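These notes concern the structure reproduced below.
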Amino acid sequence: MRRRGPDRVNALLWATFAQCAVITALIVPAHILVQGVLAPLGIVPAFDQHYKSFAAALANPLVKIYLIVLFATVFYTFGHRVRYLMTDLVHGYKPVFGAIGYGLAAIGIAAAVYVILSVP
């Protein structure tokens, strides 16, 4: 009989979740502070109030990478939390909830990447 080893897939999913949660916890408050508080006060320039400045900012590849990382980490964290929330609420359907949670995250990431890369 084969000896059962550690669940590597589950460990990889948790490690990825931990890294995405840390990145999300660092990036999202800084983004809200800069674009939601400091920009309206006039302390830093806001790029999202007019289409010209927004389009010029999105033309920069570093801004696109930043936004893709921002959305990808947020959506993956969301998908992982949905999976384990649903698993705790209803027992016995862990693979189904995994597919739902990570599927929603994949759809959100794909939509964000498509929108960000299709904007000129």
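Simple scheme: letters A, B, ... for chains in structure tokens order, numbers from 1 for residues in each chain, numbers from 1 for ligands in the order shown.
Summary of the local environment: counting only C-alpha atoms, residues at most 7 Å from Phe78 in chain A, other than itself and those fewer than 4 positions away along its chain, are A:Val74, A:Val82, A:Ala105.
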Those residues you just picked out, can you put them in a file as a CSV table (one decimal), in the first residue's frame with N, CA and C atoms?
```csv
chain,number,residue,atom,x,y,z
A,74,VAL,N,-5.9,40.8,-5.5
A,74,VAL,CA,-7.2,41.0,-4.9
A,74,VAL,C,-8.2,39.9,-5.3
A,82,VAL,N,-13.5,32.9,-0.5
A,82,VAL,CA,-14.9,32.3,-0.9
A,82,VAL,C,-14.9,30.8,-0.8
A,105,ALA,N,-12.3,33.9,-9.4
A,105,ALA,CA,-11.0,34.7,-9.3
A,105,ALA,C,-10.4,34.7,-10.7
```
### Query
What's the 12 Å shell around range 9-12 of chain A, counting only C-alpha atoms, without same-chain residues fewer than 3 positions away, as a ChimeraX atom specification?
/A:5-6,15-19,80,84,94-95,98
### Message
Would you pick out the contacts of Ala46 in chain A at 12 Å or less, using only C-alpha atoms, so that residues sharing its chain but fewer than 5 positions from it are not included, and give the list as a list of chain:residue names?
### Response
A:His31, A:Ile32, A:Leu33, A:Val34, A:Gln35, A:Gly36, A:Val37, A:Leu38, A:Ala39, A:Pro40, A:Leu41, A:Tyr51, A:Lys52, A:Ser53, A:Phe54, A:Ala56, A:Ala57
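Coordinates place CA of Arg4 in chain A at a distance of 28.0 Å from CA of Gly103 in chain A.
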### Query
Looking at only C-alpha atoms, which of A:Leu62, A:Thr73, A:Asp7, A:Ile68 is the one that sits closest to Ile23 in chain A?
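Counting only C-alpha atoms, the residue closest to Ile23 in chain A is A:Thr73.
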### Task
List every residue of range 1-112 of chain A that DSSP, applied to the backbone of this structure, assigns to helix (DSSP H, G or I), and report them as a ChimeraX atom specification.
/A:8-41,51-58,61-89,94-112
Output C-alpha atoms for every residue in that selection, as a compact mmCIF listing (two decimals), in the first residue's frame.
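Full text of selection-v2.txt as output:
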```txt
# COMPACT_ATOMS: atom_id res chain seq x y z
CA ARG A 8 1.29 19.71 -1.94
CA VAL A 9 -1.47 21.33 -3.97
CA ASN A 10 -3.24 22.56 -0.86
CA ALA A 11 0.05 23.84 0.54
CA LEU A 12 0.76 25.67 -2.72
CA LEU A 13 -2.71 27.27 -2.69
CA TRP A 14 -2.25 28.44 0.90
CA ALA A 15 1.25 29.78 0.21
CA THR A 16 -0.03 31.68 -2.83
CA PHE A 17 -2.92 33.03 -0.76
CA ALA A 18 -0.54 34.21 1.95
CA GLN A 19 1.65 36.05 -0.55
CA CYS A 20 -1.32 37.61 -2.32
CA ALA A 21 -2.82 38.69 1.00
CA VAL A 22 0.43 40.41 2.01
CA ILE A 23 0.74 42.18 -1.35
CA THR A 24 -2.93 43.19 -1.21
CA ALA A 25 -2.53 44.49 2.35
CA LEU A 26 0.37 46.67 1.22
CA ILE A 27 -0.84 47.90 -2.17
CA VAL A 28 -4.56 48.56 -1.67
CA PRO A 29 -4.29 50.98 1.30
CA ALA A 30 -1.45 52.85 -0.42
CA HIS A 31 -3.50 53.08 -3.62
CA ILE A 32 -6.54 54.34 -1.70
CA LEU A 33 -4.41 56.87 0.16
CA VAL A 34 -2.80 58.26 -2.98
CA GLN A 35 -5.76 58.20 -5.38
CA GLY A 36 -8.61 58.57 -2.91
CA VAL A 37 -7.26 61.03 -0.35
CA LEU A 38 -4.10 62.82 -1.45
CA ALA A 39 -5.14 63.37 -5.08
CA PRO A 40 -8.48 65.05 -4.30
CA LEU A 41 -6.70 67.27 -1.76
CA TYR A 51 -9.71 60.82 -19.73
CA LYS A 52 -6.55 62.39 -21.20
CA SER A 53 -4.51 61.99 -18.03
CA PHE A 54 -5.96 58.53 -17.38
CA ALA A 55 -5.14 57.34 -20.91
CA ALA A 56 -1.65 58.80 -20.67
CA ALA A 57 -1.04 56.99 -17.38
CA LEU A 58 -2.34 53.68 -18.78
CA PRO A 61 3.67 49.69 -19.18
CA LEU A 62 4.66 49.96 -15.51
CA VAL A 63 1.21 51.29 -14.64
CA LYS A 64 -0.37 48.39 -16.51
CA ILE A 65 1.79 45.89 -14.62
CA TYR A 66 0.93 47.59 -11.33
CA LEU A 67 -2.81 47.45 -12.03
CA ILE A 68 -2.65 43.82 -13.18
CA VAL A 69 -0.81 42.84 -9.99
CA LEU A 70 -3.28 44.87 -7.92
CA PHE A 71 -6.33 43.20 -9.45
CA ALA A 72 -4.80 39.71 -9.61
CA THR A 73 -3.87 39.66 -5.93
CA VAL A 74 -7.25 41.03 -4.86
CA PHE A 75 -9.20 38.55 -6.98
CA TYR A 76 -7.10 35.55 -5.91
CA THR A 77 -7.47 36.51 -2.23
CA PHE A 78 -11.22 36.85 -2.80
CA GLY A 79 -11.47 33.46 -4.52
CA HIS A 80 -9.52 31.67 -1.81
CA ARG A 81 -11.63 33.22 0.94
CA VAL A 82 -14.86 32.33 -0.88
CA ARG A 83 -13.69 28.73 -1.18
CA TYR A 84 -13.00 28.29 2.51
CA LEU A 85 -16.02 30.29 3.63
CA MET A 86 -18.31 28.05 1.61
CA THR A 87 -16.43 24.94 2.79
CA ASP A 88 -16.98 25.99 6.41
CA LEU A 89 -20.66 26.71 5.84
CA LYS A 94 -14.77 21.16 -1.11
CA PRO A 95 -13.82 20.49 -4.78
CA VAL A 96 -16.98 22.21 -6.02
CA PHE A 97 -16.37 25.26 -3.86
CA GLY A 98 -12.75 25.31 -4.96
CA ALA A 99 -13.84 25.40 -8.57
CA ILE A 100 -16.35 28.15 -7.83
CA GLY A 101 -13.98 30.32 -5.79
CA TYR A 102 -10.95 29.97 -8.02
CA GLY A 103 -13.13 30.12 -11.13
CA LEU A 104 -14.55 33.47 -10.05
CA ALA A 105 -11.01 34.67 -9.34
CA ALA A 106 -9.80 33.49 -12.76
CA ILE A 107 -12.71 35.21 -14.51
CA GLY A 108 -12.05 38.44 -12.61
CA ILE A 109 -8.32 38.33 -13.36
CA ALA A 110 -8.92 37.56 -17.04
CA ALA A 111 -11.43 40.40 -17.35
CA ALA A 112 -9.09 42.86 -15.60
```
